[in-house]
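Heads up, entry17.pdb below (PDB, C-alpha atoms):
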ATOM      1  CA  MET A   1      14.997  30.813  -3.697
ATOM      2  CA  THR A   2      13.951  27.228  -4.486
ATOM      3  CA  LYS A   3      10.366  27.077  -5.726
ATOM      4  CA  VAL A   4       8.372  23.970  -4.849
ATOM      5  CA  VAL A   5       4.842  23.293  -6.117
ATOM      6  CA  ALA A   6       2.990  20.927  -3.808
ATOM      7  CA  LEU A   7      -0.245  19.208  -4.770
ATOM      8  CA  ARG A   8      -2.208  19.914  -1.557
ATOM      9  CA  GLU A   9      -0.500  20.435   1.755
ATOM     10  CA  PRO A  10       1.366  17.416   3.117
ATOM     11  CA  LYS A  11       0.171  16.922   6.685
ATOM     12  CA  GLY A  12       3.616  17.001   8.182
ATOM     13  CA  VAL A  13       4.439  20.557   7.122
ATOM     14  CA  GLN A  14       2.250  22.368   9.622
ATOM     15  CA  ARG A  15       0.542  19.691  11.692
ATOM     16  CA  PHE A  16       3.737  18.032  12.874
ATOM     17  CA  GLY A  17       6.009  21.026  12.735
ATOM     18  CA  VAL A  18       8.593  19.695  10.308
ATOM     19  CA  PRO A  19      10.350  22.970   9.449
ATOM     20  CA  ILE A  20      10.545  24.149   5.843
ATOM     21  CA  PRO A  21      14.225  24.470   4.895
ATOM     22  CA  GLU A  22      15.645  27.948   4.626
ATOM     23  CA  GLY A  23      15.576  29.340   1.100
ATOM     24  CA  MET A  24      12.614  27.163   0.034
ATOM     25  CA  GLU A  25       9.266  28.564  -1.061
ATOM     26  CA  ILE A  26       6.359  26.117  -1.233
ATOM     27  CA  ASP A  27       3.225  26.868  -3.221
ATOM     28  CA  PHE A  28       0.426  24.593  -2.022
ATOM     29  CA  ILE A  29      -1.954  24.533  -4.989
ATOM     30  CA  GLN A  30      -5.542  23.373  -5.067
ATOM     31  CA  TRP A  31      -5.625  19.730  -6.169
ATOM     32  CA  PRO A  32      -6.972  18.097  -8.245
ATOM     33  CA  CYS A  33      -6.750  20.664 -11.001
ATOM     34  CA  SER A  34      -6.554  20.614 -14.789
ATOM     35  CA  ASP A  35      -3.301  19.961 -16.644
ATOM     36  CA  GLU A  36      -3.372  23.549 -17.883
ATOM     37  CA  GLU A  37      -3.610  24.893 -14.342
ATOM     38  CA  LEU A  38      -0.762  22.633 -13.245
ATOM     39  CA  LYS A  39       1.377  23.758 -16.194
ATOM     40  CA  ALA A  40       0.867  27.380 -15.166
ATOM     41  CA  ALA A  41       1.794  26.614 -11.558
ATOM     42  CA  LEU A  42       4.977  24.823 -12.661
ATOM     43  CA  LYS A  43       6.189  27.576 -15.009
ATOM     44  CA  ASP A  44       9.199  28.518 -12.839
ATOM     45  CA  ALA A  45       9.159  25.604 -10.370
ATOM     46  CA  ASP A  46      12.243  23.633  -9.395
ATOM     47  CA  VAL A  47      10.330  20.817  -7.701
ATOM     48  CA  LEU A  48       6.913  19.177  -8.034
ATOM     49  CA  TRP A  49       5.838  17.544  -4.780
ATOM     50  CA  CYS A  50       3.004  15.090  -5.363
ATOM     51  CA  GLY A  51       1.166  12.263  -3.665
ATOM     52  CA  PRO A  52       1.721   8.577  -4.445
ATOM     53  CA  VAL A  53      -1.418   8.274  -6.609
ATOM     54  CA  ASP A  54      -1.418  11.710  -8.290
ATOM     55  CA  ILE A  55      -1.419  11.575 -12.100
ATOM     56  CA  ILE A  56       1.402  13.573 -13.693
ATOM     57  CA  ASN A  57       1.166  13.476 -17.499
ATOM     58  CA  LYS A  58       3.805  13.885 -20.207
ATOM     59  CA  ASP A  59       2.442  17.249 -21.393
ATOM     60  CA  VAL A  60       2.787  18.677 -17.898
ATOM     61  CA  ILE A  61       6.368  17.448 -17.540
ATOM     62  CA  ASP A  62       7.358  18.660 -21.025
ATOM     63  CA  SER A  63       6.074  22.154 -20.247
ATOM     64  CA  ALA A  64       8.000  22.573 -16.971
ATOM     65  CA  LYS A  65      11.345  23.739 -18.343
ATOM     66  CA  ASN A  66      12.890  24.579 -14.952
ATOM     67  CA  LEU A  67      11.782  21.380 -13.239
ATOM     68  CA  LYS A  68      14.542  19.306 -11.651
ATOM     69  CA  LEU A  69      12.676  16.883  -9.389
ATOM     70  CA  ILE A  70       9.281  15.216  -9.055
ATOM     71  CA  GLN A  71       9.132  13.993  -5.479
ATOM     72  CA  SER A  72       6.441  11.553  -4.391
ATOM     73  CA  LEU A  73       5.499  12.082  -0.772
ATOM     74  CA  GLY A  74       4.919   8.358  -0.360
ATOM     75  CA  VAL A  75       6.148   5.141  -1.912
ATOM     76  CA  GLY A  76       3.964   4.990  -5.033
ATOM     77  CA  PHE A  77       5.005   6.608  -8.326
ATOM     78  CA  ASP A  78       3.191   4.595 -11.003
ATOM     79  CA  LYS A  79       0.937   7.516 -12.022
ATOM     80  CA  ILE A  80       3.929   9.675 -13.052
ATOM     81  CA  ASP A  81       5.159   9.509 -16.666
ATOM     82  CA  LEU A  82       8.651   8.156 -16.020
ATOM     83  CA  GLU A  83       9.775   8.185 -19.668
ATOM     84  CA  ALA A  84       8.850  11.836 -20.132
ATOM     85  CA  SER A  85      10.592  12.862 -16.934
ATOM     86  CA  LYS A  86      13.747  10.971 -17.873
ATOM     87  CA  ALA A  87      13.752  12.499 -21.352
ATOM     88  CA  ASN A  88      13.582  15.942 -19.744
ATOM     89  CA  GLY A  89      16.320  15.196 -17.227
ATOM     90  CA  VAL A  90      13.919  15.391 -14.304
ATOM     91  CA  TYR A  91      14.518  13.070 -11.380
ATOM     92  CA  VAL A  92      11.494  11.144 -10.107
ATOM     93  CA  CYS A  93      11.952   9.975  -6.537
ATOM     94  CA  ASN A  94       9.813   8.239  -3.983
ATOM     95  CA  ASN A  95      10.204   7.730  -0.252
ATOM     96  CA  ARG A  96      10.869   4.018  -0.465
ATOM     97  CA  ALA A  97      10.465   2.201   2.862
ATOM     98  CA  VAL A  98       9.464   5.389   4.686
ATOM     99  CA  ASN A  99       6.231   3.802   5.862
ATOM    100  CA  ALA A 100       7.321   0.161   5.847
ATOM    101  CA  ALA A 101       6.718  -0.323   9.559
ATOM    102  CA  SER A 102       3.343   1.450   9.369
ATOM    103  CA  VAL A 103       2.072  -0.666   6.469
ATOM    104  CA  ALA A 104       3.452  -3.898   7.904
ATOM    105  CA  GLU A 105       1.726  -3.487  11.246
ATOM    106  CA  HIS A 106      -1.525  -2.605   9.457
ATOM    107  CA  ALA A 107      -1.223  -5.804   7.432
ATOM    108  CA  VAL A 108      -0.763  -7.843  10.591
ATOM    109  CA  GLY A 109      -3.706  -5.991  12.129
ATOM    110  CA  LEU A 110      -5.905  -6.965   9.184
ATOM    111  CA  MET A 111      -4.749 -10.573   9.525
ATOM    112  CA  LEU A 112      -5.852 -10.577  13.147
ATOM    113  CA  ALA A 113      -9.114  -8.779  12.366
ATOM    114  CA  CYS A 114     -10.003 -11.375   9.719
ATOM    115  CA  LEU A 115      -8.826 -14.299  11.813
ATOM    116  CA  LYS A 116     -10.971 -13.194  14.766
ATOM    117  CA  THR A 117     -13.755 -11.611  12.612
ATOM    118  CA  THR A 118     -13.427  -8.623  14.939
ATOM    119  CA  ALA A 119     -15.481  -6.104  12.967
ATOM    120  CA  VAL A 120     -18.396  -8.508  12.448
ATOM    121  CA  ILE A 121     -18.501  -9.571  16.075
ATOM    122  CA  ASP A 122     -18.204  -5.999  17.324
ATOM    123  CA  ASN A 123     -21.143  -4.915  15.170
ATOM    124  CA  LYS A 124     -23.326  -7.854  16.202
ATOM    125  CA  ILE A 125     -22.663  -7.383  19.909
ATOM    126  CA  LYS A 126     -23.483  -3.673  19.701
ATOM    127  CA  ASN A 127     -26.799  -4.646  18.099
ATOM    128  CA  GLY A 128     -27.808  -7.087  20.823
ATOM    129  CA  GLY A 129     -26.088 -10.225  19.584
ATOM    130  CA  TYR A 130     -23.746 -10.925  22.492
ATOM    131  CA  HIS A 131     -25.065 -14.403  23.241
ATOM    132  CA  GLU A 132     -25.225 -15.305  19.546
ATOM    133  CA  CYS A 133     -21.559 -14.387  19.146
ATOM    134  CA  PHE A 134     -20.481 -16.203  22.279
ATOM    135  CA  ASP A 135     -22.328 -19.342  21.214
ATOM    136  CA  HIS A 136     -20.733 -19.148  17.756
ATOM    137  CA  PHE A 137     -17.220 -19.099  19.179
ATOM    138  CA  LYS A 138     -18.091 -21.768  21.732
ATOM    139  CA  LYS A 139     -19.287 -24.049  18.954
ATOM    140  CA  ASN A 140     -16.714 -23.294  16.255
ATOM    141  CA  GLY A 141     -13.679 -22.175  18.239
ATOM    142  CA  HIS A 142     -10.972 -19.863  16.921
ATOM    143  CA  VAL A 143      -7.236 -19.992  16.392
ATOM    144  CA  GLU A 144      -4.071 -18.054  17.075
ATOM    145  CA  LEU A 145      -2.034 -16.247  14.459
ATOM    146  CA  GLY A 146       0.955 -18.212  15.685
ATOM    147  CA  SER A 147      -0.591 -21.466  14.472
ATOM    148  CA  ARG A 148      -1.109 -20.162  10.927
ATOM    149  CA  THR A 149       1.100 -20.372   7.862
ATOM    150  CA  VAL A 150       1.425 -16.904   6.371
ATOM    151  CA  GLY A 151       2.532 -16.333   2.793
ATOM    152  CA  LEU A 152       4.176 -13.026   1.960
ATOM    153  CA  ILE A 153       3.900 -12.218  -1.741
ATOM    154  CA  GLY A 154       6.629  -9.657  -2.238
ATOM    155  CA  PHE A 155       9.581  -9.413   0.124
ATOM    156  CA  GLY A 156      10.678  -5.794  -0.087
ATOM    157  CA  ALA A 157      10.948  -3.372   2.810
ATOM    158  CA  ILE A 158       7.325  -3.853   3.926
ATOM    159  CA  GLY A 159       7.460  -7.623   3.544
ATOM    160  CA  LYS A 160      10.591  -7.764   5.704
ATOM    161  CA  LYS A 161       8.976  -5.662   8.443
ATOM    162  CA  ALA A 162       5.827  -7.818   8.341
ATOM    163  CA  CYS A 163       7.993 -10.918   8.550
ATOM    164  CA  ASP A 164       9.711  -9.651  11.707
ATOM    165  CA  MET A 165       6.356  -8.906  13.319
ATOM    166  CA  LEU A 166       4.921 -12.293  12.372
ATOM    167  CA  ASN A 167       7.949 -14.035  13.824
ATOM    168  CA  ALA A 168       7.043 -12.485  17.162
ATOM    169  CA  PHE A 169       3.678 -14.288  16.946
ATOM    170  CA  GLY A 170       5.388 -17.571  16.100
ATOM    171  CA  ALA A 171       3.713 -17.939  12.716
ATOM    172  CA  LYS A 172       5.249 -20.133  10.034
ATOM    173  CA  ILE A 173       6.252 -17.809   7.189
ATOM    174  CA  MET A 174       6.580 -18.602   3.515
ATOM    175  CA  TYR A 175       7.336 -16.043   0.817
ATOM    176  CA  TYR A 176       7.572 -15.487  -2.886
ATOM    177  CA  ASP A 177       9.473 -12.723  -4.659
ATOM    178  CA  VAL A 178      10.814 -12.394  -8.180
ATOM    179  CA  ILE A 179      14.210 -11.720  -6.619
ATOM    180  CA  ARG A 180      15.108 -14.408  -4.124
ATOM    181  CA  PRO A 181      17.499 -13.285  -1.368
ATOM    182  CA  ASP A 182      20.377 -15.443  -0.224
ATOM    183  CA  ALA A 183      20.113 -18.344   2.217
ATOM    184  CA  GLU A 184      21.508 -16.223   5.052
ATOM    185  CA  THR A 185      18.653 -13.714   4.702
ATOM    186  CA  GLU A 186      16.084 -16.519   4.660
ATOM    187  CA  LYS A 187      17.611 -18.004   7.796
ATOM    188  CA  LEU A 188      17.783 -14.616   9.525
ATOM    189  CA  HIS A 189      14.076 -13.980   8.913
ATOM    190  CA  ASN A 190      12.977 -17.593   9.541
ATOM    191  CA  LEU A 191      11.594 -17.872   6.005
ATOM    192  CA  THR A 192      10.687 -20.637   3.590
ATOM    193  CA  TYR A 193      10.693 -19.825  -0.115
ATOM    194  CA  GLY A 194       7.920 -21.140  -2.333
ATOM    195  CA  THR A 195       6.429 -20.613  -5.754
ATOM    196  CA  LEU A 196       3.115 -18.797  -5.964
ATOM    197  CA  ASP A 197       1.306 -22.103  -6.472
ATOM    198  CA  GLU A 198       3.011 -23.532  -3.382
ATOM    199  CA  LEU A 199       1.913 -20.532  -1.335
ATOM    200  CA  TYR A 200      -1.653 -20.852  -2.622
ATOM    201  CA  GLU A 201      -1.682 -24.512  -1.603
ATOM    202  CA  LYS A 202      -0.067 -24.251   1.834
ATOM    203  CA  CYS A 203      -0.838 -20.836   3.329
ATOM    204  CA  ASP A 204      -3.741 -19.934   5.599
ATOM    205  CA  ILE A 205      -3.063 -16.229   5.047
ATOM    206  CA  LEU A 206      -1.722 -14.517   1.922
ATOM    207  CA  SER A 207      -0.427 -10.971   2.335
ATOM    208  CA  TYR A 208       0.372  -8.975  -0.798
ATOM    209  CA  HIS A 209       3.298  -6.530  -0.886
ATOM    210  CA  VAL A 210       3.923  -5.986  -4.600
ATOM    211  CA  PRO A 211       3.996  -2.927  -6.875
ATOM    212  CA  VAL A 212       1.577  -2.420  -9.757
ATOM    213  CA  LEU A 213       3.168  -3.987 -12.825
ATOM    214  CA  ASP A 214       1.802  -5.793 -15.865
ATOM    215  CA  SER A 215       2.683  -9.031 -14.087
ATOM    216  CA  THR A 216       0.799  -8.128 -10.887
ATOM    217  CA  ARG A 217      -2.375  -6.461 -12.163
ATOM    218  CA  GLY A 218      -5.332  -8.670 -11.319
ATOM    219  CA  MET A 219      -3.126 -11.361  -9.790
ATOM    220  CA  VAL A 220      -5.872 -12.077  -7.252
ATOM    221  CA  ASN A 221      -8.489 -13.562  -9.568
ATOM    222  CA  LYS A 222     -10.833 -16.526  -9.873
ATOM    223  CA  ASP A 223      -8.089 -18.805 -11.154
ATOM    224  CA  THR A 224      -5.624 -18.032  -8.374
ATOM    225  CA  ILE A 225      -8.356 -18.045  -5.725
ATOM    226  CA  ALA A 226      -9.342 -21.545  -6.882
ATOM    227  CA  LYS A 227      -5.815 -22.707  -5.978
ATOM    228  CA  MET A 228      -5.966 -21.250  -2.474
ATOM    229  CA  LYS A 229      -6.981 -23.040   0.719
ATOM    230  CA  GLU A 230     -10.609 -22.933   1.809
ATOM    231  CA  ASN A 231     -11.231 -19.913   4.085
ATOM    232  CA  VAL A 232      -7.879 -18.386   3.177
ATOM    233  CA  ILE A 233      -7.371 -14.806   4.376
ATOM    234  CA  ILE A 234      -6.283 -12.452   1.585
ATOM    235  CA  VAL A 235      -4.639  -9.254   2.817
ATOM    236  CA  ASN A 236      -3.931  -6.407   0.407
ATOM    237  CA  VAL A 237      -2.108  -3.332   1.679
ATOM    238  CA  ALA A 238      -0.310  -2.788  -1.644
ATOM    239  CA  ARG A 239      -2.512  -1.479  -4.469
ATOM    240  CA  GLY A 240      -6.109  -2.160  -5.416
ATOM    241  CA  GLU A 241      -5.137  -2.900  -9.017
ATOM    242  CA  ILE A 242      -3.661  -6.269  -8.083
ATOM    243  CA  VAL A 243      -7.171  -7.553  -7.307
ATOM    244  CA  ASN A 244      -9.865  -8.465  -9.823
ATOM    245  CA  ASN A 245     -12.811  -6.858  -8.037
ATOM    246  CA  GLU A 246     -15.540  -9.028  -9.501
ATOM    247  CA  ASP A 247     -13.688 -12.286  -8.837
ATOM    248  CA  LEU A 248     -12.951 -11.366  -5.218
ATOM    249  CA  ARG A 249     -16.558 -10.248  -4.767
ATOM    250  CA  ASP A 250     -17.812 -13.617  -5.932
ATOM    251  CA  ALA A 251     -15.421 -15.474  -3.621
ATOM    252  CA  LEU A 252     -16.458 -13.345  -0.622
ATOM    253  CA  ASN A 253     -20.167 -13.754  -1.342
ATOM    254  CA  ALA A 254     -19.675 -17.515  -1.598
ATOM    255  CA  GLY A 255     -17.929 -17.581   1.791
ATOM    256  CA  ARG A 256     -14.882 -19.055   0.020
ATOM    257  CA  VAL A 257     -12.321 -16.544   1.340
ATOM    258  CA  TYR A 258     -11.828 -13.795   3.887
ATOM    259  CA  ALA A 259     -10.208 -10.519   2.870
ATOM    260  CA  GLY A 260      -8.558  -7.652   4.709
ATOM    261  CA  LEU A 261      -8.171  -4.700   2.342
ATOM    262  CA  ASP A 262      -6.643  -1.294   2.864
ATOM    263  CA  VAL A 263      -6.654  -0.497  -0.848
ATOM    264  CA  ILE A 264      -9.263  -0.715  -3.556
ATOM    265  CA  ALA A 265      -9.308   0.223  -7.236
ATOM    266  CA  PRO A 266     -10.331   2.763  -8.245
ATOM    267  CA  GLU A 267      -9.894   5.178  -5.365
ATOM    268  CA  PRO A 268     -12.137   6.662  -4.241
ATOM    269  CA  PRO A 269     -14.576   3.850  -5.088
ATOM    270  CA  SER A 270     -17.943   4.537  -6.658
ATOM    271  CA  GLU A 271     -21.150   3.693  -4.827
ATOM    272  CA  ASP A 272     -21.719   0.692  -7.103
ATOM    273  CA  HIS A 273     -18.219  -0.756  -6.555
ATOM    274  CA  PRO A 274     -18.368  -4.593  -6.514
ATOM    275  CA  LEU A 275     -16.571  -4.867  -3.161
ATOM    276  CA  LEU A 276     -18.879  -2.361  -1.488
ATOM    277  CA  ASN A 277     -22.071  -4.123  -2.584
ATOM    278  CA  LEU A 278     -21.703  -7.573  -1.082
ATOM    279  CA  THR A 279     -24.238  -9.991   0.300
ATOM    280  CA  GLU A 280     -24.537 -10.476   4.053
ATOM    281  CA  VAL A 281     -22.097 -13.380   3.815
ATOM    282  CA  GLY A 282     -19.700 -11.327   1.726
ATOM    283  CA  ASN A 283     -19.725  -8.443   4.181
ATOM    284  CA  GLU A 284     -19.018 -10.808   7.052
ATOM    285  CA  HIS A 285     -15.947 -12.030   5.192
ATOM    286  CA  LEU A 286     -14.509  -8.591   4.444
ATOM    287  CA  THR A 287     -12.645  -6.123   6.639
ATOM    288  CA  ILE A 288     -11.736  -2.890   4.875
ATOM    289  CA  THR A 289      -9.976   0.365   5.705
ATOM    290  CA  PRO A 290      -9.625   3.517   3.524
ATOM    291  CA  HIS A 291      -5.987   3.360   2.331
ATOM    292  CA  ILE A 292      -4.525   4.513   5.646
ATOM    293  CA  ALA A 293      -1.927   1.820   6.336
ATOM    294  CA  GLY A 294       1.030   3.993   5.455
ATOM    295  CA  THR A 295      -0.278   7.313   6.721
ATOM    296  CA  THR A 296       0.600   7.237  10.398
ATOM    297  CA  ASP A 297       1.748  10.459  12.030
ATOM    298  CA  ASP A 298       5.222   8.960  12.391
ATOM    299  CA  ALA A 299       5.405   8.061   8.699
ATOM    300  CA  PHE A 300       4.257  11.535   7.643
ATOM    301  CA  LYS A 301       7.053  13.169   9.609
ATOM    302  CA  ARG A 302       9.585  10.964   7.854
ATOM    303  CA  MET A 303       7.949  11.532   4.444
ATOM    304  CA  VAL A 304       8.204  15.286   4.741
ATOM    305  CA  GLN A 305      11.760  15.320   6.064
ATOM    306  CA  TRP A 306      13.025  12.829   3.472
ATOM    307  CA  SER A 307      11.312  14.857   0.720
ATOM    308  CA  TYR A 308      13.057  18.027   1.902
ATOM    309  CA  ASP A 309      16.386  16.199   1.977
ATOM    310  CA  ASN A 310      15.970  15.225  -1.697
ATOM    311  CA  MET A 311      14.924  18.733  -2.716
ATOM    312  CA  ILE A 312      17.999  20.225  -1.052
ATOM    313  CA  ALA A 313      20.251  17.630  -2.697
ATOM    314  CA  VAL A 314      18.945  18.353  -6.209
ATOM    315  CA  VAL A 315      19.213  22.122  -5.835
ATOM    316  CA  ASN A 316      22.801  21.647  -4.633
ATOM    317  CA  GLY A 317      23.600  19.632  -7.740
ATOM    318  CA  GLU A 318      23.679  16.297  -5.924
ATOM    319  CA  LYS A 319      21.877  13.097  -6.854
ATOM    320  CA  PRO A 320      18.808  12.529  -4.667
ATOM    321  CA  LYS A 321      17.917   9.249  -2.988
ATOM    322  CA  ASN A 322      15.416   6.681  -4.262
ATOM    323  CA  VAL A 323      15.476   7.676  -7.948
ATOM    324  CA  VAL A 324      12.922   5.539  -9.810
ATOM    325  CA  ASN A 325      13.187   6.716 -13.431
ATOM    326  CA  GLY A 326      16.720   5.610 -14.269
ATOM    327  CA  LEU A 327      18.549   8.954 -14.152
TER
END

Using structure tokens, write down the structure that the file contains.
Amino acid sequence: MTKVVALREPKGVQRFGVPIPEGMEIDFIQWPCSDEELKAALKDADVLWCGPVDIINKDVIDSAKNLKLIQSLGVGFDKIDLEASKANGVYVCNNRAVNAASVAEHAVGLMLACLKTTAVIDNKIKNGGYHECFDHFKKNGHVELGSRTVGLIGFGAIGKKACDMLNAFGAKIMYYDVIRPDAETEKLHNLTYGTLDELYEKCDILSYHVPVLDSTRGMVNKDTIAKMKENVIIVNVARGEIVNNEDLRDALNAGRVYAGLDVIAPEPPSEDHPLLNLTEVGNEHLTITPHIAGTTDDAFKRMVQWSYDNMIAVVNGEKPKNVVNGL
């Protein structure tokens, strides 16, 4: 019997009917819990099944002598001690690209919401401001996504999906990535490569699709914002840590930028979080959702099934897919 310890119940197990493989026993433990409680739960476990932002410390990994795999349900894995897991011969795997389509369409949705100020207008109309809103649009006009230049910062699986969707709108697409694909890929996706500074200068919308690294933490800050176009739309469906909260707050309150955020750091945010205590102007320039871009029903089904596939592979002595800790 393969013993799996899962930190809370992944939605797809019961809600969507993804069947648990034969010979697998899953212990859904109460989470969050202390490291000592997690150590006890993992005493005889073959697999630890965690979420993309769950913190798994070195002491926990060192204590789990039977552990073979730490499987992230989602794409994120930066809260897992990768060095400790590698030293113990424990695979760490994520479900890379499992929710690429889900996140990409959410990013495009946030672009449209910011471009059309949908949330602000909806709220004003419901509070008696129909004529005010109509007069505003009549006076100031509004534009199509297809007439905008969109900069994709990060061109992995999600960036590629977003690119395909944006091409359907007819938008001009620029991108930056530390690894530049070949000319054929750029031509296929109708892309123009640029440096970050070139994207800041030329793009009406900047959509971030990067992992949390030393080089990306706080990359949206007062200095980079100063290089961006006036009224630029900043979309973040990646991780909240890539944004300097105070600097973005100041830019929103000044009416300098618009932002569409699905992520915020820390999560959950405190009541006094800078981005949740904006001025009236700041609030009108922000559209925010609660880290749901990648959690569609369709993505959850894939997450669960792909996780099971990796668990079965490891127990059978095979190398799992999407190993992220160098084993």

I need the residue nearest Asp54 (chain A) from this list: A:Lys39, A:Arg8, A:Lys68, A:Lys187. Use all atoms listed in the file for the distance.
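Going through A:Lys39, A:Arg8, A:Lys68, A:Lys187 one by one, the smallest distance to Asp54 (chain A) is for A:Arg8.
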
In Å, how far is it from CA of Ala157 (chain A) to CA of Ala100 (chain A)?
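Answer for the CA of Ala157 (chain A) to CA of Ala100 (chain A) separation: 5.9 Å.
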
Check the smallest atom-to-atom distance from each of A:Ala104, A:Ile26, A:Ala119, A:Ala259 to Phe155 (chain A) using only C-alpha atoms, then report the winner.
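Once distances to Phe155 (chain A) are computed over only C-alpha atoms, the minimum belongs to A:Ala104.
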
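Interatomic distance, CA of Glu132 (chain A) to CA of Val120 (chain A): 12.0 Å.
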
Hits of the PyMOL selection byres ((chain A and resi 60) around 8) in this structure, as a list in words:
Asp35, Glu36, Leu38, Lys39, Ile56, Asn57, Lys58, Asp59, Ile61, Asp62, Ser63 and Ala64 of chain A

Store the residues picked out above in a file with C-alpha atoms, as a PDB file, in the coordinates of the input.
ATOM      1  CA  ASP A  35      -3.301  19.961 -16.644  1.00  0.00           C
ATOM      2  CA  GLU A  36      -3.372  23.549 -17.883  1.00  0.00           C
ATOM      3  CA  LEU A  38      -0.762  22.633 -13.245  1.00  0.00           C
ATOM      4  CA  LYS A  39       1.377  23.758 -16.194  1.00  0.00           C
ATOM      5  CA  ILE A  56       1.402  13.573 -13.693  1.00  0.00           C
ATOM      6  CA  ASN A  57       1.166  13.476 -17.499  1.00  0.00           C
ATOM      7  CA  LYS A  58       3.805  13.885 -20.207  1.00  0.00           C
ATOM      8  CA  ASP A  59       2.442  17.249 -21.393  1.00  0.00           C
ATOM      9  CA  ILE A  61       6.368  17.448 -17.540  1.00  0.00           C
ATOM     10  CA  ASP A  62       7.358  18.660 -21.025  1.00  0.00           C
ATOM     11  CA  SER A  63       6.074  22.154 -20.247  1.00  0.00           C
ATOM     12  CA  ALA A  64       8.000  22.573 -16.971  1.00  0.00           C
TER      13      ALA A  64
END

So which residues fall inside 12 Å of (13.4, -7.7, 11.7) if we count only C-alpha atoms? Mind giving them as a CSV table (one decimal) with C-alpha atoms, in the coordinates of the input?
chain,number,residue,atom,x,y,z
A,100,ALA,CA,7.3,0.2,5.8
A,101,ALA,CA,6.7,-0.3,9.6
A,104,ALA,CA,3.5,-3.9,7.9
A,157,ALA,CA,10.9,-3.4,2.8
A,158,ILE,CA,7.3,-3.9,3.9
A,159,GLY,CA,7.5,-7.6,3.5
A,160,LYS,CA,10.6,-7.8,5.7
A,161,LYS,CA,9.0,-5.7,8.4
A,162,ALA,CA,5.8,-7.8,8.3
A,163,CYS,CA,8.0,-10.9,8.6
A,164,ASP,CA,9.7,-9.7,11.7
A,165,MET,CA,6.4,-8.9,13.3
A,166,LEU,CA,4.9,-12.3,12.4
A,167,ASN,CA,7.9,-14.0,13.8
A,168,ALA,CA,7.0,-12.5,17.2
A,185,THR,CA,18.7,-13.7,4.7
A,186,GLU,CA,16.1,-16.5,4.7
A,187,LYS,CA,17.6,-18.0,7.8
A,188,LEU,CA,17.8,-14.6,9.5
A,189,HIS,CA,14.1,-14.0,8.9
A,190,ASN,CA,13.0,-17.6,9.5
A,191,LEU,CA,11.6,-17.9,6.0

Repaired coordinates for region 121-134 of chain A (N, CA and C atoms) as an mmCIF file, in the coordinates of the input:
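Written file, selection20.cif:
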data_model
loop_
_atom_site.group_PDB
_atom_site.id
_atom_site.type_symbol
_atom_site.label_atom_id
_atom_site.label_comp_id
_atom_site.auth_asym_id
_atom_site.auth_seq_id
_atom_site.Cartn_x
_atom_site.Cartn_y
_atom_site.Cartn_z
ATOM 1 N N ILE A 121 -18.083 -9.285 14.708
ATOM 2 C CA ILE A 121 -18.501 -9.571 16.075
ATOM 3 C C ILE A 121 -18.810 -8.297 16.832
ATOM 4 N N ASP A 122 -17.978 -7.290 16.676
ATOM 5 C CA ASP A 122 -18.204 -5.999 17.324
ATOM 6 C C ASP A 122 -19.568 -5.430 16.948
ATOM 7 N N ASN A 123 -19.874 -5.453 15.640
ATOM 8 C CA ASN A 123 -21.143 -4.915 15.170
ATOM 9 C C ASN A 123 -22.331 -5.706 15.714
ATOM 10 N N LYS A 124 -22.220 -7.027 15.725
ATOM 11 C CA LYS A 124 -23.326 -7.854 16.202
ATOM 12 C C LYS A 124 -23.581 -7.651 17.696
ATOM 13 N N ILE A 125 -22.502 -7.571 18.463
ATOM 14 C CA ILE A 125 -22.663 -7.383 19.909
ATOM 15 C C ILE A 125 -23.316 -6.042 20.200
ATOM 16 N N LYS A 126 -22.912 -5.007 19.487
ATOM 17 C CA LYS A 126 -23.483 -3.673 19.701
ATOM 18 C C LYS A 126 -24.939 -3.607 19.281
ATOM 19 N N ASN A 127 -25.394 -4.589 18.518
ATOM 20 C CA ASN A 127 -26.799 -4.646 18.099
ATOM 21 C C ASN A 127 -27.550 -5.781 18.792
ATOM 22 N N GLY A 128 -27.078 -6.142 19.985
ATOM 23 C CA GLY A 128 -27.808 -7.087 20.823
ATOM 24 C C GLY A 128 -27.471 -8.544 20.615
ATOM 25 N N GLY A 129 -26.394 -8.835 19.893
ATOM 26 C CA GLY A 129 -26.088 -10.225 19.584
ATOM 27 C C GLY A 129 -24.995 -10.853 20.419
ATOM 28 N N TYR A 130 -24.835 -10.410 21.645
ATOM 29 C CA TYR A 130 -23.746 -10.925 22.492
ATOM 30 C C TYR A 130 -23.801 -12.444 22.629
ATOM 31 N N HIS A 131 -24.952 -12.962 23.003
ATOM 32 C CA HIS A 131 -25.065 -14.403 23.241
ATOM 33 C C HIS A 131 -24.888 -15.203 21.948
ATOM 34 N N GLU A 132 -25.398 -14.645 20.844
ATOM 35 C CA GLU A 132 -25.225 -15.305 19.546
ATOM 36 C C GLU A 132 -23.737 -15.438 19.212
ATOM 37 N N CYS A 133 -22.990 -14.371 19.442
ATOM 38 C CA CYS A 133 -21.559 -14.387 19.146
ATOM 39 C C CYS A 133 -20.805 -15.344 20.063
ATOM 40 N N PHE A 134 -21.151 -15.311 21.328
ATOM 41 C CA PHE A 134 -20.481 -16.203 22.279
ATOM 42 C C PHE A 134 -20.736 -17.665 21.916
#
